[in-house]
Amino acid sequence: MAGLVNNLLILFLVFQNSCLGYRSPLSVFKRYKDTTRSLSNECLGNNRPVIPLGRTDFALDIRMPGVTPKQSDTYLCMSLRLPVDEEAYVVDFKPHASMDTVHHMLLFGCNMPSSTENYWDCDEGTCTDDSNILYAWARNAPPTKLPSGVGFKVGGKTGSKYFVLQVHYGDISAFRDNHKDCSGVTLHLTHQKQPLIAGMYLMMSVTTVIPPGEKVVDADIACHYKRYPMHLFAYRVHTHRLGKVVSGYRVRDGQWTLIGRQSPQLPQAFYPVEQPVDVSFGDILAARCVFSGEGRVTETRIGGTASDEMCNFYIMYYMEAKHAVSYMTCTQNVNPEMFRNIPQEANIPISVKPDMIMMTHGHHEENKNAAKSSLLQQPKREEEEVLDGDFHIEEVVDWPGINIKLGQVSGLALDPEYNLVIFHRGDHVWDENSFDSRFVYQQRGLGPIEQNTILVIDPSNAAVLHSTGKNLFYLPHGLSIDKDGYYWVTDVALHQVFKLGAHDKAPLLTLGMALQPGNDKNHFCQPTDVAVDPITGTIYVSDGYCNSRIVQFSPNGMFIMQWGEETSSGTPKSGQFLIPHSLALIPDFAQLCVADRENGRIQCFRLETGEFTKEIKHKSFGRELFAVSYVPGGLLFAVNGKSYPGDVEPVQGFVMNFSTGEIIDTFVPVRKNFEMPHDIVASEDKTVYVGDAHARTVWKFVSSEKMEHRSVKKAGIEVQEIKEAETIVEARLKNNPVSSDALKKQEKQHLVQQANTGVSFVLITTLLIIPIVVLLAIAVFIWWRKTMVYGADADHKLDSGSGRILGRFRGKGTGGLNLGNFFASRKGYSRKGFDRLSTEGSDQEKDEDDGTDSEEEYSAPPPPPVTSSS
């Protein structure tokens with residue numbers, strides 16, 4: 001009898017566990033939470049990752065191999081190969097993690113992990129090929145079990161061969177004891193063929209900006225669905241701290257059907273769709289995240305750290321096996337107007353009980369946030385206020401880099417040490433004789449350029465630190481530098497792309513066939529630029545003058561995909577190019593922006609899919625936009641092209657807000673003029689360099705705030721005086737007469753400053769004398785008292801007493817204050833920041849006008865003069 005009771009009890013528990021994924025989310029969470037805390041840091045199963053579960057089923061334990069993250073917001077990855085070659089299906093996910101240590105986990109399926117190490121920093125990438133998200137976990141979410149007959153297909157001829165686990169360790173205060181973490185997930189797999197194949201549809205906002213103090217901010221995502229029918233069975237929401245509610249819908253014939261709605265502050269599990277929802281060709285999938293910027297003092301953007309935000313709506317679906325697609329994404333809003341009709345429930349935050357918030361967040365995190373809240377009330381540092389007022393870029397008129405002797409400057413980049421790297425053409429010139437009508441280079445008899453074509457320049461004094469690239473190139477064009485310091489360059493004559501080490505004499509990787517133009521996966525036609533994803537190592541090539549496409553390669557140079565087409569007649573459409581000339585990778589938003597040169601615009605695309613996301617176009621660009629550069633934090637820099645007869649738009653540089661596309665500032669040089677600004681690069685401190693192919697020079701620009709910081713803080717001069725002085729200097733540089741009023745005003749201010757200097761000198765002298773007078777008075781008083789009391793012995797006693805007092809004031813004893821030692825002993829103190837202000841002259845001779853009137857890049861004939869359009 002007792003055995004029967006035990007068996008019935010076991011069956012009951014098994015049945016209860018199998019139904020766990022479809023219970024009330026909160027009741028499931030509370031039950032699951034009690035059983036997982038003790039497992040969060042155990043390495044159960046790591047030495048035995050494959051666990052048989054019968055003749056056809058097995059479990060796969062995927063765990064971090066005992067890691068200890070050293071800093072917050074660390075992303076670590078590890079991989080595990082599928083132990084079988086034949087097809088298998090994942091039907092269940094059981095997480096082993098706690099929010100006390102792990103912010104979130106993602107499980108990817110792919111065929112080639114980014115590393116073969118036991119584990120690695122995910123900055124190196126997750127997979128080198130296409131990857132699919134199979135599972136996501138956060139906030140102590142319970143297990144996820146798929147419906148009967150549904151599974152994620154892996155293995156075989158078409159399924160993923162590897163699983164890659166990505167773990168984001170947000171706050172690492174829990175690792176103060178340096179324990180090792182083995183968080184992960186256990187998969188239940190079966191060899192039994194599943195008639196329905198599961199997949200993941202990810203809806204994600206990438207451009208949302210949450211203003212500080214804004215009470216309600218909506219982030220909307222919507223895409224047309226144009227595939228075979230799919231059936232939705234689970235959903236998951238994800239934001240960070242500012243998210244209030246996330247809702248997802250299917251929109252058909254104007255009718256909104258709820259897929260799921262949840263607070264992202266609750267356990268971020270995959271919750272079952274309450275009512276079955278099918279999605280057919282022509283439907284729209286839409287989602288809205290509601291945020292609040294209250295309590296923040298700066299803008300919050302989409303990003304990967306705890307201080308950033310995210311807006312994600314995951315959908316698990318299944319499709320018939322013969323039509324199955326395993327992974328789809330939506331990152332745009334195809335119809336903003338439709339959200340006027342979104343159900344009101346999407347705008348109503350879901351209340352979360354305080355005990356639930358405390359339970360999901362953990363006590364230590366609440367204390368940390370209280371401390372962070374108090375820090376938010378502190379005033380910002382001076383260097384953080386750059387964009388609060390007027391923002392303006394000005395040339396550094398004393399920078400000697402403009403005088404370096406160069407050929408046609410085609411490319412610029414900054415290396416990991418923030419040195420400026422210049423790519424130029426030496427004594428070769430691109431003119432109307434360079435190519436025939438089939439884009440074959442006609443001047444091969446000249447041989448490669450005999451000068452060093454790559455120069456590494458000290459950004460402060462323009463000294464040449466290193467040079468390379470001799471006898472390698474015919475007509476240099478684009479240059480970029482990856483996070484490891486490798487150079488990526490293009491040569492339009494060779495029709496090739498090269499990867500070079502800073503000190504290498506030969507390329508480490510070559511793409512394209514030498515001197516052979518083409519448009520397939522092995523050939524380019526005058527490629528213009530390269531960008532390398534710092535996270536995945538994926539290579540993007542803009543190709544080019546005679547092709548109109550962006551080509552994507554794996555880190556080892558294998559062709560992945562391409563997108564883009566030639567601009568047809570009329571208004572250019574999204575994804576059409578007329579010379580994709582320059583690339584800017586936007587890691588903050590996982591996008592790639594292209595300077596669509598002859599269409600006079602910037603187009604941006606999703607890195608993973610090549611989907612068009614936005615266009616930035618202004619009338620002030622004119623007909624051509626040559627180059628674009630991005631600075632982390634949201635600033636986009638660009639330069640336009642040479643004006644045509646009748647055009648009114650000047651040749652100039654632009655500073656833009658990436659999110660809005662708004663022009664914040666324009667800038668031009670003081671010395672000489674822009675002729676054909678061919679490339680631009682900007683650093684995080686908003687130092688900007690522009691290389692000009694026709695002027696054969698490079699200009700340096702900085703923000704006016706930095707100029708004022710250099711002058712005002714260093715010399716004690718009023719800002720207005722600097723402005724007036726610069727006006728006079730600029731007039732003299734341009735050989736313009738200086739008005740007598742300006743000279744008189746400057747002379748008057750000089751006299752005033754001299755008077756102020758005299759007053760300051762008197763004041764400082766007075767302040768220095770007062771303590772000495774006081775000390776002398778004290779000494780006289782002591783001497784007088786001692787004379788009255790001790791008589792003849794007073795002289796001796798005064799010497800010893802006053803010596804101790806004055807010795808302490810002079811700092812000669814052990815208690816003296818040495819400011820030099822004090823600052824030098826402070827953590828993080830360095831003189832490096834001051835070294836960047838050095839403006840020592842260069843020993844390079846000035847490159848005077850040589851009379852050469854070369855024409856550059858004749859492969860694209862100039863369009864006939866027409867009126868400019870916005």
# chains A, B, ... in the order shown; residues from 1 in each chain; ligands from 1
$ residues_around --residues "Phe621 of chain A" --least-positions-apart "3" --cutoff "8 Å" --atoms "only C-alpha atoms" --output "list in words"
Gly600, Arg601, Lys617, His618, Glu624, Leu625, Asn640 and Glu649 of chain A
$ write_last_selection --atoms "N, CA, C and O atoms" --output "PDB file, in the first residue's frame"
ATOM      1  N   GLY A 600      23.312  62.439 -52.166  1.00  0.00           N
ATOM      2  CA  GLY A 600      23.361  63.499 -51.162  1.00  0.00           C
ATOM      3  C   GLY A 600      22.626  63.167 -49.877  1.00  0.00           C
ATOM      4  O   GLY A 600      21.903  64.001 -49.331  1.00  0.00           O
ATOM      5  N   ARG A 601      22.828  61.953 -49.348  1.00  0.00           N
ATOM      6  CA  ARG A 601      22.084  61.549 -48.153  1.00  0.00           C
ATOM      7  C   ARG A 601      22.863  60.487 -47.373  1.00  0.00           C
ATOM      8  O   ARG A 601      23.857  59.937 -47.854  1.00  0.00           O
ATOM      9  N   LYS A 617      18.671  63.357 -44.601  1.00  0.00           N
ATOM     10  CA  LYS A 617      18.898  64.171 -45.811  1.00  0.00           C
ATOM     11  C   LYS A 617      18.474  65.604 -45.510  1.00  0.00           C
ATOM     12  O   LYS A 617      17.407  65.835 -44.948  1.00  0.00           O
ATOM     13  N   HIS A 618      19.339  66.548 -45.870  1.00  0.00           N
ATOM     14  CA  HIS A 618      19.053  67.965 -45.674  1.00  0.00           C
ATOM     15  C   HIS A 618      19.409  68.736 -46.940  1.00  0.00           C
ATOM     16  O   HIS A 618      20.343  68.359 -47.675  1.00  0.00           O
ATOM     17  N   GLU A 624      25.911  66.252 -53.052  1.00  0.00           N
ATOM     18  CA  GLU A 624      26.817  65.159 -52.706  1.00  0.00           C
ATOM     19  C   GLU A 624      27.101  65.144 -51.209  1.00  0.00           C
ATOM     20  O   GLU A 624      27.267  66.195 -50.591  1.00  0.00           O
ATOM     21  N   LEU A 625      27.163  63.956 -50.654  1.00  0.00           N
ATOM     22  CA  LEU A 625      27.604  63.778 -49.278  1.00  0.00           C
ATOM     23  C   LEU A 625      28.714  62.735 -49.303  1.00  0.00           C
ATOM     24  O   LEU A 625      28.472  61.580 -49.638  1.00  0.00           O
ATOM     25  N   ASN A 640      30.092  67.336 -46.957  1.00  0.00           N
ATOM     26  CA  ASN A 640      29.486  67.240 -48.280  1.00  0.00           C
ATOM     27  C   ASN A 640      30.537  67.464 -49.354  1.00  0.00           C
ATOM     28  O   ASN A 640      31.736  67.522 -49.065  1.00  0.00           O
ATOM     29  N   GLU A 649      24.667  75.836 -51.855  1.00  0.00           N
ATOM     30  CA  GLU A 649      25.091  75.164 -50.634  1.00  0.00           C
ATOM     31  C   GLU A 649      26.612  75.141 -50.554  1.00  0.00           C
ATOM     32  O   GLU A 649      27.286  74.652 -51.470  1.00  0.00           O
TER      33      GLU A 649
END
$ residues_around --residues "segment 322-336 of chain A" --least-positions-apart "3" --cutoff "9 Å" --atoms "only C-alpha atoms" --output "PyMOL selection string"
chain A and resi 131-134+152-153+196-207+220-224+227-230+285-286+318-319+339-340+606+609+611-614
$ residues_around --residues "segment 477-483 of chain A" --least-positions-apart "4" --cutoff "8 Å" --atoms "only C-alpha atoms" --output "VMD selection string"
chain A and resid 410 to 416 423 to 424 487 to 492 528 to 534 582
$ write_last_selection --atoms "N, CA, C and O atoms" --output "mmCIF file, in the first residue's frame"
data_model
loop_
_atom_site.group_PDB
_atom_site.id
_atom_site.type_symbol
_atom_site.label_atom_id
_atom_site.label_comp_id
_atom_site.auth_asym_id
_atom_site.auth_seq_id
_atom_site.Cartn_x
_atom_site.Cartn_y
_atom_site.Cartn_z
ATOM 1 N N SER A 410 42.812 60.292 -49.040
ATOM 2 C CA SER A 410 41.587 59.546 -49.338
ATOM 3 C C SER A 410 40.912 58.988 -48.094
ATOM 4 O O SER A 410 39.684 58.854 -48.060
ATOM 5 N N GLY A 411 41.674 58.664 -47.029
ATOM 6 C CA GLY A 411 41.073 58.039 -45.860
ATOM 7 C C GLY A 411 41.712 58.500 -44.569
ATOM 8 O O GLY A 411 42.913 58.808 -44.519
ATOM 9 N N LEU A 412 40.901 58.547 -43.512
ATOM 10 C CA LEU A 412 41.362 58.888 -42.170
ATOM 11 C C LEU A 412 40.773 57.900 -41.180
ATOM 12 O O LEU A 412 39.667 57.386 -41.372
ATOM 13 N N ALA A 413 41.492 57.667 -40.078
ATOM 14 C CA ALA A 413 40.975 56.837 -38.989
ATOM 15 C C ALA A 413 41.779 57.153 -37.734
ATOM 16 O O ALA A 413 42.836 57.793 -37.794
ATOM 17 N N LEU A 414 41.257 56.702 -36.594
ATOM 18 C CA LEU A 414 41.952 56.833 -35.316
ATOM 19 C C LEU A 414 42.287 55.442 -34.807
ATOM 20 O O LEU A 414 41.426 54.554 -34.805
ATOM 21 N N ASP A 415 43.536 55.246 -34.380
ATOM 22 C CA ASP A 415 43.917 53.932 -33.867
ATOM 23 C C ASP A 415 43.516 53.814 -32.394
ATOM 24 O O ASP A 415 43.015 54.782 -31.808
ATOM 25 N N PRO A 416 43.699 52.650 -31.771
ATOM 26 C CA PRO A 416 43.265 52.482 -30.372
ATOM 27 C C PRO A 416 43.928 53.449 -29.394
ATOM 28 O O PRO A 416 43.401 53.678 -28.309
ATOM 29 N N PHE A 423 45.605 57.931 -44.855
ATOM 30 C CA PHE A 423 45.803 57.097 -46.047
ATOM 31 C C PHE A 423 45.798 58.047 -47.248
ATOM 32 O O PHE A 423 44.803 58.743 -47.497
ATOM 33 N N HIS A 424 46.929 58.104 -47.981
ATOM 34 C CA HIS A 424 47.016 59.055 -49.097
ATOM 35 C C HIS A 424 47.653 58.377 -50.308
ATOM 36 O O HIS A 424 48.164 57.260 -50.223
ATOM 37 N N TYR A 487 44.531 47.620 -39.652
ATOM 38 C CA TYR A 487 44.093 48.545 -40.695
ATOM 39 C C TYR A 487 43.287 47.781 -41.745
ATOM 40 O O TYR A 487 43.703 46.711 -42.198
ATOM 41 N N TRP A 488 42.161 48.360 -42.162
ATOM 42 C CA TRP A 488 41.345 47.826 -43.252
ATOM 43 C C TRP A 488 41.270 48.909 -44.322
ATOM 44 O O TRP A 488 40.779 50.002 -44.057
ATOM 45 N N VAL A 489 41.780 48.601 -45.520
ATOM 46 C CA VAL A 489 41.884 49.615 -46.569
ATOM 47 C C VAL A 489 41.309 49.074 -47.874
ATOM 48 O O VAL A 489 41.225 47.857 -48.081
ATOM 49 N N THR A 490 40.947 50.015 -48.740
ATOM 50 C CA THR A 490 40.474 49.647 -50.080
ATOM 51 C C THR A 490 41.355 50.336 -51.117
ATOM 52 O O THR A 490 41.888 51.421 -50.886
ATOM 53 N N ASP A 491 41.505 49.677 -52.253
ATOM 54 C CA ASP A 491 42.236 50.231 -53.396
ATOM 55 C C ASP A 491 41.317 50.143 -54.610
ATOM 56 O O ASP A 491 40.945 49.044 -55.036
ATOM 57 N N VAL A 492 40.945 51.300 -55.173
ATOM 58 C CA VAL A 492 39.969 51.303 -56.268
ATOM 59 C C VAL A 492 40.585 50.854 -57.585
ATOM 60 O O VAL A 492 39.860 50.443 -58.502
ATOM 61 N N THR A 528 34.943 51.286 -51.877
ATOM 62 C CA THR A 528 35.233 52.598 -51.308
ATOM 63 C C THR A 528 35.619 52.588 -49.834
ATOM 64 O O THR A 528 36.456 53.369 -49.402
ATOM 65 N N ASP A 529 35.011 51.729 -49.007
ATOM 66 C CA ASP A 529 35.270 51.802 -47.573
ATOM 67 C C ASP A 529 34.990 50.452 -46.921
ATOM 68 O O ASP A 529 34.331 49.581 -47.497
ATOM 69 N N VAL A 530 35.458 50.315 -45.669
ATOM 70 C CA VAL A 530 35.289 49.093 -44.878
ATOM 71 C C VAL A 530 34.879 49.489 -43.469
ATOM 72 O O VAL A 530 35.333 50.506 -42.943
ATOM 73 N N ALA A 531 34.026 48.690 -42.854
ATOM 74 C CA ALA A 531 33.699 48.835 -41.430
ATOM 75 C C ALA A 531 33.707 47.447 -40.810
ATOM 76 O O ALA A 531 33.258 46.479 -41.436
ATOM 77 N N VAL A 532 34.208 47.343 -39.586
ATOM 78 C CA VAL A 532 34.314 46.052 -38.894
ATOM 79 C C VAL A 532 33.562 46.146 -37.576
ATOM 80 O O VAL A 532 33.838 47.033 -36.760
ATOM 81 N N ASP A 533 32.623 45.245 -37.368
ATOM 82 C CA ASP A 533 31.821 45.226 -36.149
ATOM 83 C C ASP A 533 32.730 44.876 -34.965
ATOM 84 O O ASP A 533 33.356 43.809 -34.957
ATOM 85 N N PRO A 534 32.812 45.750 -33.943
ATOM 86 C CA PRO A 534 33.706 45.463 -32.810
ATOM 87 C C PRO A 534 33.249 44.291 -31.959
ATOM 88 O O PRO A 534 34.038 43.742 -31.191
ATOM 89 N N SER A 582 31.114 56.004 -48.084
ATOM 90 C CA SER A 582 31.740 55.972 -46.763
ATOM 91 C C SER A 582 30.816 55.241 -45.802
ATOM 92 O O SER A 582 29.587 55.322 -45.929
#
$ residues_around --residues "Arg696 of chain A" --least-positions-apart "5" --cutoff "6 Å" --atoms "only C-alpha atoms" --output "list in words"
Leu406, Gly407, Gln408 and Val409 of chain A
$ residues_around --residues "Asn118 of chain A" --least-positions-apart "5" --cutoff "9 Å" --atoms "only C-alpha atoms" --output "list in words"
Met64, Pro65, Cys77, Met78 and Ser79 of chain A
$ write_last_selection --atoms "all heavy atoms" --output "tab-separated table (two decimals), in the first residue's frame"
chain	number	residue	atom	x	y	z
A	64	MET	N	28.16	27.90	-17.41
A	64	MET	CA	29.43	28.62	-17.34
A	64	MET	C	30.42	27.78	-16.53
A	64	MET	O	30.07	27.28	-15.47
A	64	MET	CB	29.23	29.98	-16.69
A	64	MET	CG	28.75	31.06	-17.65
A	64	MET	SD	30.02	31.44	-18.86
A	64	MET	CE	29.03	32.21	-20.14
A	65	PRO	N	31.66	27.67	-16.98
A	65	PRO	CA	32.63	26.76	-16.34
A	65	PRO	C	33.34	27.38	-15.14
A	65	PRO	O	34.56	27.38	-15.05
A	65	PRO	CB	33.62	26.48	-17.48
A	65	PRO	CG	33.61	27.73	-18.29
A	65	PRO	CD	32.19	28.24	-18.24
A	77	CYS	N	30.70	34.44	-22.70
A	77	CYS	CA	30.10	33.43	-23.57
A	77	CYS	C	30.85	32.11	-23.44
A	77	CYS	O	32.04	32.09	-23.13
A	77	CYS	CB	30.16	33.88	-25.03
A	77	CYS	SG	29.05	35.24	-25.45
A	78	MET	N	30.14	31.02	-23.64
A	78	MET	CA	30.74	29.70	-23.75
A	78	MET	C	29.92	28.89	-24.75
A	78	MET	O	28.77	29.22	-25.04
A	78	MET	CB	30.78	28.99	-22.39
A	78	MET	CG	29.45	28.77	-21.72
A	78	MET	SD	28.54	27.29	-22.27
A	78	MET	CE	29.66	26.01	-21.79
A	79	SER	N	30.52	27.87	-25.33
A	79	SER	CA	29.83	27.08	-26.34
A	79	SER	C	29.87	25.60	-25.99
A	79	SER	O	30.74	25.13	-25.25
A	79	SER	CB	30.46	27.29	-27.72
A	79	SER	OG	31.77	26.77	-27.77
$ select_by_dssp --residues "segment 42-245 of chain A" --states "helix (DSSP H, G or I)" --output "PyMOL selection string"
chain A and resi 122-124+173-175
$ select_by_dssp --residues "segment 109-145 of chain A" --states "strand (DSSP E)" --output "list in words"
Gly109, Cys110, Trp120, Asp121, Asn132, Ile133, Leu134, Tyr135, Ala136, Trp137, Ala138, Thr144 and Lys145 of chain A
$ write_last_selection --atoms "N, CA, C and O atoms" --output "short mmCIF file (atom, residue, chain, number, x, y, z; two decimals), in the first residue's frame"
data_model
loop_
_atom_site.label_atom_id
_atom_site.label_comp_id
_atom_site.auth_asym_id
_atom_site.auth_seq_id
_atom_site.Cartn_x
_atom_site.Cartn_y
_atom_site.Cartn_z
N GLY A 109 21.81 29.43 -31.18
CA GLY A 109 22.18 28.26 -31.96
C GLY A 109 22.90 28.71 -33.21
O GLY A 109 22.48 29.66 -33.88
N CYS A 110 24.03 28.05 -33.54
CA CYS A 110 24.79 28.42 -34.74
C CYS A 110 25.70 27.27 -35.12
O CYS A 110 25.70 26.22 -34.47
N TRP A 120 34.73 32.99 -23.14
CA TRP A 120 35.38 34.18 -23.69
C TRP A 120 34.51 35.41 -23.46
O TRP A 120 33.32 35.30 -23.14
N ASP A 121 35.13 36.57 -23.60
CA ASP A 121 34.41 37.83 -23.52
C ASP A 121 33.55 37.97 -24.77
O ASP A 121 34.06 37.87 -25.90
N ASN A 132 20.76 32.05 -34.18
CA ASN A 132 19.35 32.16 -33.83
C ASN A 132 19.21 32.18 -32.32
O ASN A 132 19.87 31.41 -31.62
N ILE A 133 18.36 33.05 -31.81
CA ILE A 133 18.07 33.04 -30.38
C ILE A 133 17.08 31.91 -30.11
O ILE A 133 16.00 31.85 -30.69
N LEU A 134 17.47 31.00 -29.22
CA LEU A 134 16.60 29.88 -28.86
C LEU A 134 15.90 30.12 -27.53
O LEU A 134 14.81 29.58 -27.30
N TYR A 135 16.52 30.90 -26.67
CA TYR A 135 15.98 31.03 -25.32
C TYR A 135 16.52 32.30 -24.69
O TYR A 135 17.64 32.74 -24.99
N ALA A 136 15.72 32.90 -23.83
CA ALA A 136 16.13 34.09 -23.08
C ALA A 136 15.59 33.98 -21.66
O ALA A 136 14.48 33.47 -21.44
N TRP A 137 16.37 34.48 -20.71
CA TRP A 137 15.99 34.40 -19.30
C TRP A 137 16.41 35.67 -18.59
O TRP A 137 17.47 36.24 -18.88
N ALA A 138 15.59 36.12 -17.62
CA ALA A 138 15.94 37.26 -16.75
C ALA A 138 15.01 37.28 -15.56
O ALA A 138 13.92 36.68 -15.58
N THR A 144 10.70 27.05 -19.16
CA THR A 144 9.83 27.19 -20.33
C THR A 144 9.70 25.84 -21.01
O THR A 144 10.69 25.25 -21.44
N LYS A 145 8.47 25.33 -21.07
CA LYS A 145 8.20 24.05 -21.73
C LYS A 145 7.36 24.31 -22.96
O LYS A 145 6.37 25.03 -22.91
#
$ atom_distance --atom1 "atom CA of Asn519 of chain A" --atom2 "atom CA of Arg549 of chain A"
9.1 Å
$ residues_around --residues "Gln496 of chain A" --least-positions-apart "4" --cutoff "10 Å" --atoms "only C-alpha atoms" --output "list in words"
Phe473, Val489, Thr490, Asp491, Val492, Thr510, Leu511, Gly512, Met513, Ala514, Leu515, Gln516, Pro517, Asn522, His523, Phe524, Cys525, Gln526, Pro527 and Thr528 of chain A
$ closest_residue --among "A:Val631, A:Ile422, A:Leu82, A:Val217" --to "Pro476 of chain A" --atoms "only C-alpha atoms"
A:Ile422
$ atom_distance --atom1 "atom CA of His179 of chain A" --atom2 "atom CA of Leu165 of chain A"
19.9 Å
$ closest_residue --among "A:Leu187, A:Ala502, A:Ile172, A:Leu60" --to "Val91 of chain A" --atoms "only C-alpha atoms"
A:Leu187
$ closest_residue --among "A:Ala463, A:Val681, A:Met310, A:Ala627" --to "Asp588 of chain A" --atoms "only C-alpha atoms"
A:Met310
$ closest_residue --among "A:Lys405, A:Ser554, A:Asp253, A:Thr567" --to "Met112 of chain A" --atoms "only C-alpha atoms"
A:Ser554
$ atom_distance --atom1 "atom CA of Ala88 of chain A" --atom2 "atom CA of His188 of chain A"
10.1 Å
$ closest_residue --among "A:Thr538, A:Asn599, A:Asn673, A:Ser574" --to "Gly557 of chain A" --atoms "only C-alpha atoms"
A:Thr538
